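**Student:** What follows is a single structure, and I will ask about it in a moment.
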Amino acid sequence: MTKYKDLGLVNTKELFKKAMKGGYAIPAYNFNNMEQLQAIIQACVETKSPVILQVSSGARKYANKTLLRYMAQGAVEFAKELGYPIPVALHLDHGDTFELCKDCIENGFSSVMIDGSHHKYEENIALTKKVVDYAHQHDVTVEGELGVLAGVEDDVQAETSNYTKPEEVEDFLSKTGVDSLAISIGTSHGANKFKPEQCTRNADGVLVPPMLRFDILEEIEKRIPGFPIVLHGSSSVPMDKVKIINENGGALKDAIGIPEDQLRKAAKSAVCKINIDSDGRLAMTAAIRKYFKEKPSEFDPRKYLGPARDMLKELYKHKNVNVLGSANQA
Ligand code: G3H
Ligand code: 13P
Ligand code: ZN
């Protein structure tokens, strides 16, 4: 058993308490390789932001679970070396089984998500409670989920019916004992969060996606005041990155994200954790595609992964300062 405290990590309890009080959200950035991790830590140290390092089961398979654990431990030390020891949590993203959550807890994770949102309500409760009971024995925090995030392939009707039902949240919390709750209010995973026909055009001809369902968020906040809420699928899909990708051989069509001002508004509410993965992927891809086009004869990976890491770092710094409000909170 590797205890997260021995790796220098923290769970999310204190992070969320402060975020709730301070009206900001903790960034939860996904990583699966060294350059992503370096960029996250550099950005969060430079902006003095706490951070949740997020690892999916796919990332664990890709990078190797032992390596990832040492990378997280290394990240804590790296932050110290950079001169500002920020709080770092290591979180399992979208855990789908008790066994996976248990394995992460035994391998140094300080926080896990058990995503039972695709199960029937009672099954979601049973699975989530099982994970909570085990995790809390080790002082590991647990994120549950109610409501299913819309996929762009769904029709509008299906999306509407998958929003979190506020009337379920108190019951879910009391029956499971989760420490935070992911909800569905209109965000979704990936770079195509809305169809163009769901959007309107502003005066400059830019597509503006529909508003997140802040009414549902407010209703949930009323029912469980002070309880940490999590937003998945919160990439903004920056158009400058999409443009670089498409101008350099990429083919991203109808890429649309969550506008930053809506995330800023959410971060000031009970939303204490905002999940961002796709924007990092876009930034890395943009930098690498540009480099390959401009320097076709280069073949040293450091030459193109270096600029990718720099672009990623600037993206994360921007988010901490201007979107999540987590800068200067570490
Ligand atoms: O929500 C999912 C995250 O973006 C992780 O994606 O399973 O491809 O690593 P992944
Ligand atoms: P994005 O695809 O919007 O970055 O969402 C990431 C996420 O929710 C990870 O759990
Ligand atoms: Zn997610």
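Ordering of the structure tokens sets the chain letters (A, B, ...); residue numbers start at 1 within each chain; ligands are numbered from 1 in the order shown.
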Let me have all residues with an atom within 8 Å of ligand 3, counting only C-alpha atoms and all ligand atoms, laid out as a ChimeraX atom specification.
**Tutor:** /A:93-94,188-189,231-233,275
**Student:** Just list the residues in range 201-258 of chain A DSSP gives helix (DSSP H, G or I) on the backbone, as a short mmCIF file (atom, residue, chain, number, x, y, z; two decimals) with all heavy atoms, in the first residue's frame.
**Tutor:**
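Full text of states-v8.cif as output:
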data_model
loop_
_atom_site.label_atom_id
_atom_site.label_comp_id
_atom_site.auth_asym_id
_atom_site.auth_seq_id
_atom_site.Cartn_x
_atom_site.Cartn_y
_atom_site.Cartn_z
N PHE A 214 -27.68 27.25 -15.41
CA PHE A 214 -27.37 27.79 -14.08
C PHE A 214 -28.57 27.67 -13.14
O PHE A 214 -28.40 27.66 -11.92
CB PHE A 214 -26.89 29.24 -14.19
CG PHE A 214 -25.46 29.34 -14.66
CD1 PHE A 214 -25.16 29.61 -15.99
CD2 PHE A 214 -24.41 29.15 -13.77
CE1 PHE A 214 -23.85 29.68 -16.42
CE2 PHE A 214 -23.09 29.21 -14.19
CZ PHE A 214 -22.80 29.48 -15.51
N ASP A 215 -29.76 27.57 -13.72
CA ASP A 215 -30.95 27.42 -12.85
C ASP A 215 -30.88 26.08 -12.10
O ASP A 215 -31.21 25.99 -10.91
CB ASP A 215 -32.24 27.53 -13.67
CG ASP A 215 -32.29 26.52 -14.83
OD1 ASP A 215 -31.23 26.28 -15.47
OD2 ASP A 215 -33.35 25.94 -15.08
N ILE A 216 -30.39 25.04 -12.78
CA ILE A 216 -30.27 23.72 -12.13
C ILE A 216 -29.18 23.79 -11.06
O ILE A 216 -29.35 23.30 -9.94
CB ILE A 216 -29.95 22.62 -13.17
CG1 ILE A 216 -31.11 22.47 -14.15
CG2 ILE A 216 -29.66 21.28 -12.47
CD1 ILE A 216 -30.87 21.45 -15.26
N LEU A 217 -28.07 24.44 -11.39
CA LEU A 217 -26.98 24.58 -10.42
C LEU A 217 -27.48 25.32 -9.16
O LEU A 217 -27.22 24.90 -8.03
CB LEU A 217 -25.81 25.34 -11.07
CG LEU A 217 -24.65 25.75 -10.15
CD1 LEU A 217 -23.98 24.53 -9.51
CD2 LEU A 217 -23.60 26.55 -10.93
N GLU A 218 -28.23 26.39 -9.38
CA GLU A 218 -28.74 27.17 -8.24
C GLU A 218 -29.69 26.35 -7.38
O GLU A 218 -29.65 26.40 -6.15
CB GLU A 218 -29.44 28.44 -8.73
CG GLU A 218 -28.44 29.54 -9.06
CD GLU A 218 -29.02 30.62 -9.97
OE1 GLU A 218 -30.25 30.81 -10.00
OE2 GLU A 218 -28.21 31.27 -10.68
N GLU A 219 -30.53 25.57 -8.03
CA GLU A 219 -31.48 24.72 -7.30
C GLU A 219 -30.71 23.68 -6.46
O GLU A 219 -31.05 23.41 -5.32
CB GLU A 219 -32.40 24.02 -8.33
CG GLU A 219 -33.46 23.11 -7.77
CD GLU A 219 -34.44 23.81 -6.84
OE1 GLU A 219 -34.71 25.00 -7.05
OE2 GLU A 219 -34.91 23.15 -5.88
N ILE A 220 -29.67 23.13 -7.04
CA ILE A 220 -28.83 22.16 -6.31
C ILE A 220 -28.14 22.83 -5.12
O ILE A 220 -28.12 22.30 -4.02
CB ILE A 220 -27.81 21.50 -7.28
CG1 ILE A 220 -28.55 20.60 -8.27
CG2 ILE A 220 -26.74 20.70 -6.51
CD1 ILE A 220 -27.70 20.08 -9.42
N GLU A 221 -27.61 24.03 -5.36
CA GLU A 221 -26.94 24.77 -4.27
C GLU A 221 -27.87 25.05 -3.12
O GLU A 221 -27.48 25.00 -1.96
CB GLU A 221 -26.40 26.10 -4.80
CG GLU A 221 -25.14 25.98 -5.62
CD GLU A 221 -24.62 27.36 -6.04
OE1 GLU A 221 -25.23 27.95 -6.95
OE2 GLU A 221 -23.63 27.83 -5.47
N LYS A 222 -29.13 25.33 -3.45
CA LYS A 222 -30.12 25.60 -2.40
C LYS A 222 -30.36 24.37 -1.55
O LYS A 222 -30.54 24.43 -0.35
CB LYS A 222 -31.46 26.01 -3.06
CG LYS A 222 -31.68 27.51 -3.03
CD LYS A 222 -33.08 27.84 -3.51
CE LYS A 222 -32.99 28.92 -4.58
NZ LYS A 222 -34.07 28.93 -5.53
N ARG A 223 -30.36 23.22 -2.22
CA ARG A 223 -30.66 21.96 -1.50
C ARG A 223 -29.48 21.45 -0.68
O ARG A 223 -29.68 20.79 0.33
CB ARG A 223 -31.09 20.89 -2.50
CG ARG A 223 -32.49 21.15 -3.04
CD ARG A 223 -32.77 20.23 -4.21
NE ARG A 223 -34.08 20.51 -4.77
CZ ARG A 223 -35.18 19.84 -4.47
NH1 ARG A 223 -35.15 18.87 -3.60
NH2 ARG A 223 -36.33 20.17 -5.02
N MET A 239 -10.47 29.13 -30.00
CA MET A 239 -10.48 29.18 -31.47
C MET A 239 -9.10 29.45 -32.05
O MET A 239 -8.79 29.01 -33.15
CB MET A 239 -11.47 30.24 -31.96
CG MET A 239 -12.90 29.73 -32.02
SD MET A 239 -13.04 28.16 -32.95
CE MET A 239 -13.81 27.10 -31.77
N ASP A 240 -8.22 30.15 -31.27
CA ASP A 240 -6.88 30.40 -31.82
C ASP A 240 -6.12 29.07 -31.98
O ASP A 240 -5.39 28.88 -32.95
CB ASP A 240 -6.10 31.40 -30.95
CG ASP A 240 -5.94 30.95 -29.50
OD1 ASP A 240 -6.82 30.23 -28.98
OD2 ASP A 240 -4.91 31.31 -28.89
N LYS A 241 -6.36 28.14 -31.06
CA LYS A 241 -5.68 26.83 -31.16
C LYS A 241 -6.28 26.01 -32.30
O LYS A 241 -5.56 25.36 -33.07
CB LYS A 241 -5.80 26.04 -29.85
CG LYS A 241 -5.37 26.80 -28.60
CD LYS A 241 -3.88 27.05 -28.57
CE LYS A 241 -3.42 27.76 -27.31
NZ LYS A 241 -3.90 29.13 -27.09
N VAL A 242 -7.59 26.04 -32.42
CA VAL A 242 -8.26 25.29 -33.50
C VAL A 242 -7.78 25.82 -34.85
O VAL A 242 -7.50 25.04 -35.78
CB VAL A 242 -9.81 25.43 -33.38
CG1 VAL A 242 -10.51 24.81 -34.59
CG2 VAL A 242 -10.30 24.78 -32.09
N LYS A 243 -7.63 27.15 -34.93
CA LYS A 243 -7.18 27.77 -36.18
C LYS A 243 -5.75 27.30 -36.54
O LYS A 243 -5.50 26.91 -37.68
CB LYS A 243 -7.21 29.30 -36.00
CG LYS A 243 -7.06 30.09 -37.26
CD LYS A 243 -7.50 31.55 -37.02
CE LYS A 243 -7.26 32.39 -38.24
NZ LYS A 243 -5.92 32.97 -38.31
N ILE A 244 -4.87 27.30 -35.54
CA ILE A 244 -3.47 26.85 -35.81
C ILE A 244 -3.49 25.40 -36.30
O ILE A 244 -2.80 25.03 -37.26
CB ILE A 244 -2.59 26.98 -34.54
CG1 ILE A 244 -2.44 28.44 -34.14
CG2 ILE A 244 -1.21 26.35 -34.77
CD1 ILE A 244 -1.73 28.65 -32.80
N ILE A 245 -4.31 24.57 -35.65
CA ILE A 245 -4.38 23.15 -36.04
C ILE A 245 -4.84 23.04 -37.49
O ILE A 245 -4.22 22.36 -38.32
CB ILE A 245 -5.31 22.37 -35.09
CG1 ILE A 245 -4.66 22.26 -33.69
CG2 ILE A 245 -5.64 20.97 -35.64
CD1 ILE A 245 -5.56 21.68 -32.61
N ASN A 246 -5.93 23.74 -37.79
CA ASN A 246 -6.50 23.60 -39.14
C ASN A 246 -5.64 24.25 -40.23
O ASN A 246 -5.65 23.81 -41.37
CB ASN A 246 -7.93 24.16 -39.17
CG ASN A 246 -8.90 23.22 -38.46
OD1 ASN A 246 -8.60 22.02 -38.29
ND2 ASN A 246 -10.04 23.72 -38.05
N GLU A 247 -4.86 25.27 -39.84
CA GLU A 247 -3.98 25.90 -40.83
C GLU A 247 -2.71 25.10 -41.07
O GLU A 247 -1.92 25.40 -41.96
CB GLU A 247 -3.58 27.31 -40.34
CG GLU A 247 -4.68 28.33 -40.56
CD GLU A 247 -4.34 29.69 -39.93
OE1 GLU A 247 -3.27 29.82 -39.31
OE2 GLU A 247 -5.16 30.59 -40.09
#
**Student:** Counting only C-alpha atoms and all ligand atoms, which protein, DNA or RNA residues come within 10 Å of ligand 1, given as a PyMOL selection string?
**Tutor:** chain A and resi 29-32+54-62+92-94+188-190+232-235+275-281
**Student:** Skip Gly116 in chain A itself and residues of its chain fewer than 4 positions away, then list as number ranges by chain all residues within 8 Å of it, counting only C-alpha atoms.
**Tutor:** A: 96, 123-125, 127-128, 144-146
**Student:** Taking only C-alpha atoms into account, which of A:Asp204, A:Asp6, A:Asp133, A:Glu294 comes nearest Gly177 in chain A?
**Tutor:**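 With only C-alpha atoms as the atom set, the closest residue is A:Asp133.
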**Student:** Quick check for you: according to DSSP on this backbone, which residues of range 36-222 of chain A are classed as strand (DSSP E)? Reply as a PyMOL selection string.
**Tutor:** chain A and resi 51-56+88-95+111-114+141-146+180-183+200-201+207-208
**Student:** So which residues touch Met284 in chain A within 7 Å, counting only C-alpha atoms, skipping near sequence neighbours fewer than 5 positions away, as number ranges by chain?
**Tutor:** A: 308-309, 311-312
**Student:** If you measure from CA of Asp310 in chain A to CA of Ala39 in chain A, what distance in Å do you get, rounded to one decimal?
**Tutor:**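 These two atoms are separated by 6.9 Å.
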**Student:** What's the 7 Å shell around Glu106 in chain A, counting only C-alpha atoms, without same-chain residues fewer than 2 positions away, as a PyMOL selection string?
**Tutor:** chain A and resi 1-3+102-104+108
**Student:** Rounded to one decimal place, report the CA of Gln137 in chain A-CA of Glu14 in chain A distance in Å.
**Tutor:**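 Value for the CA of Gln137 in chain A-CA of Glu14 in chain A distance: 17.4 Å.
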**Student:** Need the shell around Leu53 in chain A: protein/DNA/RNA residues with any atom at most 6 Å away, counting only C-alpha atoms. Skip same-chain ones fewer than 5 positions apart. Format as a JSON list (two decimals) with all heavy atoms, in the first residue's frame?
**Tutor:**
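Saved the output as result.json:
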[["chain", "number", "residue", "atom", "x", "y", "z"],
["A", 28, "ALA", "N", -8.64, 21.01, -12.38],
["A", 28, "ALA", "CA", -8.38, 19.57, -12.46],
["A", 28, "ALA", "C", -7.95, 19.30, -13.90],
["A", 28, "ALA", "O", -8.77, 19.27, -14.82],
["A", 28, "ALA", "CB", -9.63, 18.77, -12.11],
["A", 29, "TYR", "N", -6.61, 19.21, -14.07],
["A", 29, "TYR", "CA", -6.04, 19.03, -15.40],
["A", 29, "TYR", "C", -5.61, 17.58, -15.60],
["A", 29, "TYR", "O", -4.88, 17.02, -14.78],
["A", 29, "TYR", "CB", -4.82, 19.95, -15.57],
["A", 29, "TYR", "CG", -5.12, 21.44, -15.49],
["A", 29, "TYR", "CD1", -4.35, 22.30, -14.70],
["A", 29, "TYR", "CD2", -6.17, 22.00, -16.22],
["A", 29, "TYR", "CE1", -4.60, 23.66, -14.65],
["A", 29, "TYR", "CE2", -6.45, 23.36, -16.17],
["A", 29, "TYR", "CZ", -5.66, 24.19, -15.38],
["A", 29, "TYR", "OH", -5.92, 25.54, -15.32],
["A", 89, "ALA", "N", -3.17, 17.37, -5.48],
["A", 89, "ALA", "CA", -3.96, 16.16, -5.28],
["A", 89, "ALA", "C", -3.82, 15.28, -6.51],
["A", 89, "ALA", "O", -3.65, 15.79, -7.63],
["A", 89, "ALA", "CB", -5.43, 16.51, -5.05],
["A", 90, "LEU", "N", -3.86, 13.97, -6.31],
["A", 90, "LEU", "CA", -3.83, 13.03, -7.44],
["A", 90, "LEU", "C", -5.17, 12.32, -7.47],
["A", 90, "LEU", "O", -5.55, 11.63, -6.52],
["A", 90, "LEU", "CB", -2.69, 12.02, -7.25],
["A", 90, "LEU", "CG", -2.55, 10.95, -8.35],
["A", 90, "LEU", "CD1", -2.24, 11.58, -9.71],
["A", 90, "LEU", "CD2", -1.45, 9.95, -7.99]]
**Student:** To one decimal in Å, tell me the separation between CA of Met20 in chain A and CA of Arg264 in chain A.
**Tutor:**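 Between CA of Met20 in chain A and CA of Arg264 in chain A the gap works out to 13.7 Å.
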**Student:** With only C-alpha atoms as the counted atoms, please give the residues lying no more than 8 Å from Ala79 in chain A, apart from itself and same-chain residues fewer than 4 positions off, as a compact mmCIF listing (two decimals) with C-alpha atoms, in the first residue's frame.
**Tutor:**
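Written file, part_3.txt:
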# COMPACT_ATOMS: atom_id res chain seq x y z
CA ILE A 41 3.17 22.23 -12.40
CA GLN A 42 5.05 25.16 -13.93
CA VAL A 45 3.58 27.29 -9.38
CA ALA A 75 5.51 16.74 -9.41
CA GLY A 83 10.32 27.68 -5.34
CA TYR A 84 6.68 27.46 -4.33
CA PRO A 85 5.26 24.25 -2.85
CA ILE A 86 1.62 24.23 -4.04
**Student:** So which one's closest to Ile52 in chain A, A:Gly325, A:Gly226, A:Gly306, A:Pro27? Using only C-alpha atoms, please.
**Tutor:** A:Pro27
